[in-house]
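Student: Here you go, this is final-v9.txt (compact mmCIF, C-alpha atoms and all ligand atoms).
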```
# COMPACT_ATOMS: atom_id res chain seq x y z
CA MET A 1 -55.79 23.14 140.67
CA THR A 2 -58.34 21.17 142.65
CA ALA A 3 -58.88 18.09 140.45
CA LYS A 4 -57.22 14.89 141.63
CA ILE A 5 -54.87 13.53 138.98
CA ILE A 6 -55.64 9.87 138.21
CA ASP A 7 -52.16 8.46 137.65
CA GLY A 8 -52.58 5.71 135.04
CA LYS A 9 -48.85 5.29 134.66
CA GLN A 10 -48.41 4.43 138.34
CA ILE A 11 -51.35 1.99 138.35
CA ALA A 12 -50.02 0.34 135.18
CA THR A 13 -46.60 -0.04 136.82
CA GLN A 14 -48.22 -1.95 139.71
CA ILE A 15 -50.05 -4.20 137.24
CA TYR A 16 -46.79 -4.95 135.41
CA ALA A 17 -45.13 -5.93 138.69
CA GLU A 18 -48.00 -8.31 139.50
CA LEU A 19 -47.95 -9.79 135.98
CA LYS A 20 -44.19 -10.26 136.08
CA SER A 21 -44.42 -12.17 139.32
CA LYS A 22 -47.29 -14.33 138.00
CA ILE A 23 -45.41 -15.07 134.76
CA SER A 24 -42.31 -16.13 136.72
CA THR A 25 -44.37 -19.01 138.18
CA LEU A 26 -45.49 -20.32 134.75
CA PRO A 27 -43.69 -23.25 133.08
CA THR A 28 -43.20 -21.33 129.79
CA SER A 29 -43.58 -17.72 128.59
CA PRO A 30 -46.96 -16.52 127.28
CA LYS A 31 -46.79 -15.48 123.63
CA LEU A 32 -48.61 -12.69 121.80
CA ALA A 33 -48.78 -12.54 117.98
CA ILE A 34 -49.06 -8.97 116.70
CA ILE A 35 -50.20 -8.41 113.12
CA LEU A 36 -49.48 -4.97 111.67
CA VAL A 37 -50.49 -4.18 108.10
CA GLY A 38 -48.93 -1.13 106.43
CA ASP A 39 -46.86 1.72 107.79
CA ASP A 40 -49.22 4.02 109.69
CA ASP A 41 -46.92 6.03 112.00
CA SER A 42 -49.19 5.95 115.09
CA SER A 43 -49.82 2.20 114.72
CA ARG A 44 -46.08 1.52 114.53
CA ILE A 45 -45.52 3.51 117.74
CA TYR A 46 -48.37 1.69 119.54
CA VAL A 47 -47.04 -1.71 118.43
CA ARG A 48 -43.48 -0.88 119.50
CA ASN A 49 -44.84 0.15 122.89
CA LYS A 50 -46.75 -3.12 123.28
CA GLN A 51 -43.60 -5.09 122.40
CA LYS A 52 -41.46 -3.10 124.84
CA PHE A 53 -43.74 -3.64 127.85
CA ALA A 54 -44.37 -7.28 126.90
CA ALA A 55 -40.61 -7.94 126.89
CA GLU A 56 -40.19 -6.20 130.26
CA THR A 57 -42.99 -8.29 131.76
CA GLY A 58 -41.82 -11.65 130.37
CA ILE A 59 -44.24 -12.06 127.47
CA VAL A 60 -42.82 -13.13 124.10
CA THR A 61 -44.13 -11.22 121.08
CA GLU A 62 -43.92 -12.14 117.42
CA LEU A 63 -44.53 -9.26 115.03
CA PHE A 64 -45.96 -10.04 111.59
CA HIS A 65 -45.43 -6.80 109.70
CA LEU A 66 -47.20 -7.09 106.34
CA PRO A 67 -47.16 -4.63 103.43
CA ALA A 68 -50.08 -2.18 103.05
CA ASN A 69 -51.25 -3.94 99.85
CA THR A 70 -51.56 -7.39 101.51
CA ALA A 71 -54.44 -9.45 100.08
CA GLU A 72 -57.24 -10.26 102.54
CA GLN A 73 -56.84 -14.00 101.87
CA ASP A 74 -53.18 -13.85 102.91
CA LEU A 75 -54.06 -12.05 106.14
CA LEU A 76 -56.83 -14.59 106.89
CA GLN A 77 -54.37 -17.44 106.28
CA LEU A 78 -51.89 -15.91 108.72
CA ILE A 79 -54.65 -15.66 111.35
CA ASP A 80 -55.55 -19.34 110.72
CA LYS A 81 -51.89 -20.26 111.25
CA CYS A 82 -51.74 -18.33 114.55
CA ASN A 83 -55.06 -19.85 115.67
CA GLN A 84 -53.63 -23.35 115.12
CA ASP A 85 -50.22 -22.65 116.66
CA THR A 86 -50.44 -23.87 120.28
CA ALA A 87 -47.39 -21.76 121.19
CA VAL A 88 -49.40 -18.58 120.42
CA ASN A 89 -51.73 -17.56 123.27
CA GLY A 90 -52.98 -14.19 122.04
CA ILE A 91 -53.49 -12.62 118.61
CA ILE A 92 -54.03 -8.93 117.86
CA VAL A 93 -54.49 -7.22 114.52
CA GLN A 94 -53.52 -3.58 114.94
CA LEU A 95 -56.28 -1.22 113.79
CA PRO A 96 -57.03 0.70 111.65
CA LEU A 97 -56.44 -1.58 108.66
CA PRO A 98 -55.90 -0.32 105.10
CA GLU A 99 -59.20 0.52 103.33
CA HIS A 100 -59.29 -2.55 101.05
CA LEU A 101 -59.42 -4.95 104.02
CA ASN A 102 -62.71 -5.81 105.75
CA THR A 103 -61.99 -5.26 109.46
CA HIS A 104 -64.99 -7.29 110.70
CA ARG A 105 -64.19 -10.30 108.50
CA ILE A 106 -60.62 -10.26 109.77
CA ILE A 107 -61.45 -9.84 113.47
CA ASN A 108 -64.09 -12.57 113.16
CA ARG A 109 -61.41 -15.02 111.99
CA ILE A 110 -59.42 -14.79 115.25
CA SER A 111 -60.24 -17.61 117.68
CA PRO A 112 -62.35 -16.09 120.52
CA LEU A 113 -60.01 -17.96 122.91
CA LYS A 114 -57.02 -15.99 121.54
CA ASP A 115 -58.84 -12.68 120.96
CA VAL A 116 -56.96 -10.72 123.64
CA ASP A 117 -58.24 -7.43 122.15
CA GLY A 118 -61.80 -8.58 123.01
CA PHE A 119 -63.14 -7.46 119.61
CA HIS A 120 -64.54 -10.81 118.36
CA PRO A 121 -68.37 -10.91 118.26
CA TYR A 122 -68.36 -13.87 120.67
CA ASN A 123 -66.59 -11.72 123.27
CA THR A 124 -68.52 -8.49 122.57
CA GLY A 125 -71.79 -10.46 122.48
CA MET A 126 -71.15 -12.12 125.83
CA LEU A 127 -70.39 -8.70 127.30
CA GLN A 128 -73.66 -7.34 125.84
CA ASN A 129 -75.56 -10.20 127.50
CA ASN A 130 -73.86 -9.41 130.81
CA GLU A 131 -72.24 -12.84 130.73
CA LYS A 132 -68.53 -13.50 131.16
CA PRO A 133 -66.58 -13.14 127.90
CA TYR A 134 -63.11 -14.70 127.54
CA PHE A 135 -61.67 -11.21 127.04
CA ILE A 136 -62.76 -7.57 127.40
CA ALA A 137 -61.20 -4.84 125.23
CA ALA A 138 -58.13 -3.36 126.88
CA THR A 139 -58.93 0.36 126.75
CA PRO A 140 -62.41 0.09 128.35
CA LEU A 141 -61.04 -2.37 130.91
CA GLY A 142 -58.29 0.11 131.81
CA ILE A 143 -60.82 2.95 132.03
CA MET A 144 -63.02 0.94 134.44
CA THR A 145 -59.99 0.35 136.68
CA LEU A 146 -59.14 4.07 136.65
CA ILE A 147 -62.72 5.16 137.41
CA LYS A 148 -62.93 2.72 140.33
CA THR A 149 -59.84 4.27 141.96
CA VAL A 150 -61.87 7.45 142.52
CA THR A 151 -65.43 6.11 142.78
CA PRO A 152 -65.69 2.39 143.64
CA GLU A 153 -69.53 2.40 143.70
CA LEU A 154 -70.90 3.03 140.19
CA SER A 155 -74.56 2.07 140.58
CA GLY A 156 -76.87 4.93 139.50
CA LYS A 157 -74.12 7.22 138.19
CA ASN A 158 -74.79 9.30 135.06
CA VAL A 159 -72.02 8.61 132.57
CA VAL A 160 -71.61 10.38 129.25
CA ILE A 161 -69.24 8.90 126.67
CA ILE A 162 -68.18 11.03 123.70
CA GLY A 163 -67.45 8.60 120.84
CA ALA A 164 -69.13 5.35 119.78
CA SER A 165 -66.16 3.32 118.45
CA LEU A 166 -65.75 -0.47 118.42
CA ILE A 167 -62.54 -0.10 120.44
CA VAL A 168 -63.68 2.27 123.21
CA GLY A 169 -67.18 3.82 123.25
CA ARG A 170 -69.36 0.77 122.62
CA PRO A 171 -67.67 -1.77 124.92
CA LEU A 172 -67.22 0.85 127.64
CA ALA A 173 -70.93 1.74 127.49
CA THR A 174 -71.76 -1.94 127.98
CA LEU A 175 -69.35 -2.37 130.90
CA LEU A 176 -70.82 0.69 132.63
CA LEU A 177 -74.39 -0.43 131.96
CA ASN A 178 -73.52 -3.82 133.46
CA GLN A 179 -72.42 -1.88 136.58
CA GLU A 180 -75.87 -0.20 136.76
CA CYS A 181 -74.80 3.21 135.40
CA THR A 182 -77.11 5.36 133.29
CA VAL A 183 -75.08 5.66 130.11
CA THR A 184 -75.37 8.18 127.28
CA VAL A 185 -73.21 7.61 124.22
CA THR A 186 -72.76 10.72 122.05
CA HIS A 187 -71.19 10.94 118.61
CA ILE A 188 -70.67 13.26 115.68
CA HIS A 189 -74.41 13.54 114.93
CA THR A 190 -75.45 14.27 118.53
CA GLN A 191 -77.36 17.53 118.90
CA ASN A 192 -77.00 19.92 121.87
CA ILE A 193 -74.17 17.83 123.29
CA LYS A 194 -73.50 20.27 126.15
CA GLU A 195 -77.00 19.67 127.55
CA LEU A 196 -76.05 16.00 127.89
CA THR A 197 -72.48 16.43 129.15
CA ARG A 198 -73.63 18.88 131.86
CA LYS A 199 -75.62 16.03 133.46
CA ALA A 200 -72.59 13.73 133.69
CA ASP A 201 -71.16 12.53 137.01
CA ILE A 202 -68.47 10.83 134.93
CA LEU A 203 -67.48 11.98 131.44
CA VAL A 204 -65.33 9.92 129.08
CA ALA A 205 -63.95 11.70 126.01
CA ALA A 206 -62.91 9.32 123.21
CA CYS A 207 -63.50 11.24 120.00
CA GLY A 208 -60.01 12.28 118.87
CA VAL A 209 -60.67 16.04 118.75
CA ALA A 210 -57.98 18.05 120.55
CA LYS A 211 -59.26 19.95 123.65
CA LEU A 212 -62.92 19.62 122.58
CA VAL A 213 -64.38 19.47 126.10
CA LYS A 214 -64.32 22.82 127.96
CA ASN A 215 -65.30 23.70 131.50
CA ASP A 216 -68.70 25.05 130.43
CA TRP A 217 -69.59 21.54 129.15
CA LEU A 218 -69.49 20.23 132.72
CA LYS A 219 -71.11 20.56 136.11
CA PRO A 220 -68.66 20.97 139.03
CA ASN A 221 -67.02 17.85 140.54
CA THR A 222 -67.23 15.64 137.46
CA ILE A 223 -64.83 12.71 137.07
CA LEU A 224 -63.07 13.11 133.71
CA ILE A 225 -61.48 10.34 131.67
CA ASP A 226 -59.54 11.48 128.61
CA VAL A 227 -58.86 8.82 125.97
CA GLY A 228 -57.64 11.27 123.30
CA ILE A 229 -54.06 11.37 122.05
CA ASN A 230 -53.80 14.46 119.83
CA ARG A 231 -51.28 17.13 118.98
CA ASP A 232 -51.91 20.83 119.53
CA ASN A 233 -49.10 22.97 118.07
CA GLY A 234 -46.86 19.90 118.31
CA LYS A 235 -47.65 19.27 121.98
CA LEU A 236 -49.44 16.07 123.06
CA CYS A 237 -52.95 16.72 124.40
CA GLY A 238 -56.24 14.95 125.02
CA ASP A 239 -59.87 15.51 123.97
CA ILE A 240 -60.44 17.51 127.18
CA ASP A 241 -59.00 21.01 127.66
CA PHE A 242 -57.06 20.15 130.83
CA ASP A 243 -56.15 23.72 131.82
CA ASP A 244 -59.72 24.92 131.32
CA VAL A 245 -61.35 22.19 133.49
CA LYS A 246 -58.73 21.50 136.18
CA GLU A 247 -60.16 23.89 138.82
CA ASP A 248 -63.70 22.52 138.87
CA ALA A 249 -63.36 18.81 138.07
CA ALA A 250 -63.23 16.21 140.86
CA ALA A 251 -60.61 14.10 139.11
CA ILE A 252 -58.98 13.83 135.69
CA THR A 253 -56.68 11.49 133.77
CA PRO A 254 -53.68 13.33 132.30
CA VAL A 255 -52.49 13.00 128.68
CA PRO A 256 -49.96 11.45 128.52
CA GLY A 257 -49.87 9.21 131.59
CA GLY A 258 -53.57 8.40 132.07
CA VAL A 259 -55.52 5.94 129.92
CA GLY A 260 -52.65 5.12 127.48
CA PRO A 261 -50.42 3.16 129.88
CA MET A 262 -53.44 1.24 131.22
CA THR A 263 -54.39 0.03 127.73
CA VAL A 264 -51.08 -1.77 127.24
CA ALA A 265 -51.14 -3.19 130.79
CA MET A 266 -54.64 -4.63 130.25
CA LEU A 267 -53.69 -6.17 126.90
CA LEU A 268 -50.78 -7.96 128.57
CA GLN A 269 -53.01 -9.05 131.45
CA ASN A 270 -55.42 -10.51 128.87
CA THR A 271 -52.48 -12.35 127.26
CA VAL A 272 -51.51 -13.96 130.57
CA ASP A 273 -55.18 -14.86 131.14
CA ALA A 274 -55.23 -16.42 127.64
CA TYR A 275 -52.22 -18.57 128.49
CA ILE A 276 -53.87 -19.83 131.69
CA LEU A 277 -57.23 -20.36 129.97
CA GLN A 278 -55.70 -22.39 127.14
CA ARG A 279 -53.60 -24.56 129.44
CA SER A 280 -56.55 -25.27 131.70
CA ALA A 281 -58.48 -26.47 128.62
CA LEU A 282 -55.76 -29.05 127.78
N1 LIG B 1 -55.85 0.66 117.50
C1 LIG B 1 -56.10 1.56 118.48
N2 LIG B 1 -56.31 0.94 119.66
C2 LIG B 1 -56.20 -0.39 119.42
C3 LIG B 1 -56.33 -1.55 120.25
O1 LIG B 1 -56.61 -1.50 121.45
N3 LIG B 1 -56.14 -2.74 119.60
C4 LIG B 1 -55.86 -2.82 118.28
N4 LIG B 1 -55.71 -4.04 117.75
N5 LIG B 1 -55.75 -1.78 117.50
C5 LIG B 1 -55.92 -0.56 118.06
```
Represent the structure from my file as structure tokens, please.
Ligand code: GUN
Tutor:
Amino acid sequence: MTAKIIDGKQIATQIYAELKSKISTLPTSPKLAIILVGDDDSSRIYVRNKQKFAAETGIVTELFHLPANTAEQDLLQLIDKCNQDTAVNGIIVQLPLPEHLNTHRIINRISPLKDVDGFHPYNTGMLQNNEKPYFIAATPLGIMTLIKTVTPELSGKNVVIIGASLIVGRPLATLLLNQECTVTVTHIHTQNIKELTRKADILVAACGVAKLVKNDWLKPNTILIDVGINRDNGKLCGDIDFDDVKEDAAAITPVPGGVGPMTVAMLLQNTVDAYILQRSAL
């Protein structure tokens, strides 16, 4: 084993301590509204996790758990209510949504000032323009923090991202481009993917395919960020085959304990930022 383990859990713990101390100086508790539609098992686990760490940090959460067959109008009305409620600082709609709901229409309804997931087109658009959005999506923000612990200077680095999702691949590509990286985003239709990944100084796997990335996809000394949460024979694993790559990589995030804990920490950081932003606008 030569790869350095990038310990996301430890870094997230430090962030929680800082947030807790910041929150203790505020006149009231920040509040996050969480909207969950349906009973997807993974989504329920993610939401429970967000609530647990919010409570430990001093953030109040209110969970709106709606049935899977909720009408879009009802969901939009709930978002309107949360937008207007001055006690609510942040709003998230857990994704994915049931098929009959239009994700973009729903995300677009959240006030950009309360969009602590950073998915609203105002926030993604500002990021694209290399201007300052109110909020940046939590997973890419967490990944940037993890990468910078091993390589603070990013200018000129070749980065390959596997996966072009709204939640990870696209915003992460923009953040890295804004830091002067040369970014390649690959996806399911990419041809000869190994030719691209072998040029990477930093590789981010966010495609949801268990142990897809093997050592022969990589040049030696690559920094590896694994966003995948999959099961292989019941055991949790990432999109990178950890045992296959661990001798030759420079650094790698473990699964679990890498990107996952950072995502929740960054969401809660965004919620505290939302509180401060909204109070300063009063
Ligand atoms: N589903 C998977 N990741 C996320 C996330 O970061 N935010 C929301 N709202 N849904 C998700």
Student: Which is closest to Phe242 of chain A among A:Gly125, A:Leu76, A:Ala210, A:Gly260, if we use only C-alpha atoms?
Tutor: A:Ala210
Student: At a cut-off of 6 Å and counting all atoms listed in the file, what residues surround ligand LIG 1 (chain B)? Please answer as a list of chain:residue names.
Tutor: A:Ile92, A:Val93, A:Gln94, A:Leu95, A:Pro96, A:Asp117, A:Ala138
Student: So, counting only C-alpha atoms, which residue among A:Leu113, A:Leu141, A:Ala173, A:Val183 is closest to Ser280 of chain A?
Tutor: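 When distances to Ser280 of chain A are compared using only C-alpha atoms, the smallest one comes from A:Leu113.
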Student: Which is closer to Lys52 of chain A than all the others in A:Ile161, A:Tyr16, A:Thr253, A:Pro133, using all atoms listed in the file?
Tutor: A:Tyr16
Student: Which polymer residues, protein or nucleic acid, are no farther than 12 Å from (-42.7, -13.8, 135.9), counting all atoms listed in the file, as a PyMOL selection string?
Tutor: chain A and resi 16-30+54-60+272
Student: Within 12 Å of Ala274 of chain A, counting all atoms listed in the file, which residues qualify if same-chain residues fewer than 2 places away don't, as an MDAnalysis selection string?
Tutor: chainID A and resid 29:32 59 86:91 111:118 133:136 267:272 276:281
Student: Would you please work out which residue, of A:His187, A:Arg48, A:Arg231, A:Lys157, is nearest to Gly169 of chain A when using all atoms listed in the file?
Tutor: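 The shortest atom-to-atom distance to Gly169 of chain A comes from A:His187.
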Student: Could you list, as an NGL selection string, every residue within 10 Å of Leu196 of chain A, counting all atoms listed in the file and ignoring same-chain residues fewer than 5 positions away?
Tutor: :A and (158-161 or 184-186 or 190-191 or 217-218)
Student: If we count all atoms listed in the file and set the cut-off at 12 Å, which residues sit around Glu153 of chain A, ignoring sequence neighbours fewer than 3 positions away in its own chain? Please answer as a list in words.
Tutor: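 Contacts, in chain order: Met144, Ile147, Lys148, Thr149, Val150, Gly156, Lys157, Leu176, Gln179, Glu180 and Cys181 of chain A.
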